[in-house]
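Chemist: Take a look at the following structure, please.
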Amino acid sequence: MVTIVTVLAVLAAWFDLRKNIIPNRVVFPGIGIGILVRTASGILCGEPLDILVMTAEVIVLFICLWPVYTAGGLGAGDCKLFLMAGVFLPVKQAVFVVTFTFFIAAVQIVLFVLFCKVKKEKKKIRTIPLAPAFLIAVLSGWL
């Protein structure tokens, strides 16, 4: 499961850096694979009700992300990426990944602002690619 999430995070980061979008063709299959893998592992481990836990985790994650999305703090692809993490990861790891992603993004913004001040440029930050921060958070979560 670690490999699948990492590969999907790499793909999302690549698209986000190159095209400033996380396409549905990466996220939706990832969500589907996550549901299948987590359900199968729950059944094999003798926890067939894990699908209900996973559903509850994703619903809570969606409710928490909705205000950030509606305020313009996240794009739709970023939200779907976090929901994919919620499908794949247990709740502790999913919370870590979301929190650490926002922390990395904040550091990224601070560095950008400092870099612009050093160069004496007045650039406004319109968007930042969040998927690379997500990738770093996913990799950090496995360590």
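As shown in the structure tokens, the chain order sets the letters A, B, ...; within each chain, residues go from 1, and ligands are also counted from 1 in the order they appear.
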Name all residues at most 6 Å from region 120-133 of chain A (count only C-alpha atoms; drop same-chain ones fewer than 6 positions away) and give them as a list in words.
Modeler: Ala12, Ala13, Asp16, Thr101 and Ile104 of chain A
Chemist: Keeping all heavy atoms for every residue in the selection just given, could you write it to a file as a PDB file, in the first residue's frame?
Modeler:
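File produced: again18.pdb:
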```pdb
ATOM      1  N   ALA A  12       0.851  12.992  -8.860  1.00  0.00           N
ATOM      2  CA  ALA A  12       0.128  14.227  -8.556  1.00  0.00           C
ATOM      3  C   ALA A  12       1.090  15.408  -8.468  1.00  0.00           C
ATOM      4  O   ALA A  12       0.800  16.497  -8.986  1.00  0.00           O
ATOM      5  CB  ALA A  12      -0.640  14.070  -7.244  1.00  0.00           C
ATOM      6  N   ALA A  13       2.244  15.209  -7.842  1.00  0.00           N
ATOM      7  CA  ALA A  13       3.229  16.283  -7.722  1.00  0.00           C
ATOM      8  C   ALA A  13       3.754  16.684  -9.100  1.00  0.00           C
ATOM      9  O   ALA A  13       3.918  17.875  -9.393  1.00  0.00           O
ATOM     10  CB  ALA A  13       4.380  15.847  -6.813  1.00  0.00           C
ATOM     11  N   ASP A  16       1.049  18.647 -10.842  1.00  0.00           N
ATOM     12  CA  ASP A  16       0.839  19.937 -10.185  1.00  0.00           C
ATOM     13  C   ASP A  16       1.962  20.915 -10.508  1.00  0.00           C
ATOM     14  O   ASP A  16       1.723  22.102 -10.730  1.00  0.00           O
ATOM     15  CB  ASP A  16       0.717  19.736  -8.674  1.00  0.00           C
ATOM     16  CG  ASP A  16      -0.066  20.842  -7.989  1.00  0.00           C
ATOM     17  OD1 ASP A  16      -0.657  21.686  -8.686  1.00  0.00           O
ATOM     18  OD2 ASP A  16      -0.098  20.853  -6.745  1.00  0.00           O
ATOM     19  N   THR A 101       1.416  18.505   5.392  1.00  0.00           N
ATOM     20  CA  THR A 101       1.336  19.128   4.070  1.00  0.00           C
ATOM     21  C   THR A 101       1.101  20.628   4.205  1.00  0.00           C
ATOM     22  O   THR A 101       1.755  21.431   3.531  1.00  0.00           O
ATOM     23  CB  THR A 101       0.213  18.492   3.226  1.00  0.00           C
ATOM     24  OG1 THR A 101       0.493  17.108   3.043  1.00  0.00           O
ATOM     25  CG2 THR A 101       0.087  19.165   1.870  1.00  0.00           C
ATOM     26  N   ILE A 104       4.332  22.264   5.446  1.00  0.00           N
ATOM     27  CA  ILE A 104       5.318  22.393   4.366  1.00  0.00           C
ATOM     28  C   ILE A 104       4.904  23.507   3.400  1.00  0.00           C
ATOM     29  O   ILE A 104       5.741  24.289   2.948  1.00  0.00           O
ATOM     30  CB  ILE A 104       5.499  21.053   3.629  1.00  0.00           C
ATOM     31  CG1 ILE A 104       6.125  20.022   4.566  1.00  0.00           C
ATOM     32  CG2 ILE A 104       6.346  21.214   2.377  1.00  0.00           C
ATOM     33  CD1 ILE A 104       6.080  18.608   4.042  1.00  0.00           C
TER      34      ILE A 104
END
```
Chemist: Would you pick out the contacts of region 80-94 of chain A at 6 Å or less, using only C-alpha atoms, so that residues sharing its chain but fewer than 3 positions from it are not included, and give the list as an MDAnalysis selection string?
Modeler: chainID A and resid 31 34 58 77 97
Chemist: Of the candidates A:Cys45, A:Phe28, A:Thr99, A:Ile136, which shows the shortest atom-to-atom distance to Cys64 (chain A), using only C-alpha atoms?
Modeler: A:Thr99
Chemist: Quick one, how far is CA of Ile51 (chain A) from CA of Val27 (chain A)?
Modeler: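 CA of Ile51 (chain A) sits 19.0 Å away from CA of Val27 (chain A).
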Chemist: Just the alpha helix (DSSP H) stuff from chain A, please, per backbone DSSP, written as a ChimeraX atom specification.
Modeler: /A:2-19,24-44,50-70,76-88,91-118,131-142
Chemist: Rank nothing, just name the residue among A:Asp78, A:Ala105, A:Thr39, A:Phe100 nearest to Val138 (chain A), using only C-alpha atoms.
Modeler: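 Looking at the shortest contact to Val138 (chain A), the residue is A:Phe100.
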Chemist: With only C-alpha atoms as the atoms that count, which of A:Leu11, A:Leu139, A:Val53, A:Ile4 lies nearest to Phe96 (chain A)?
Modeler: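 Of A:Leu11, A:Leu139, A:Val53, A:Ile4, the one nearest Phe96 (chain A), counting only C-alpha atoms, is A:Leu139.
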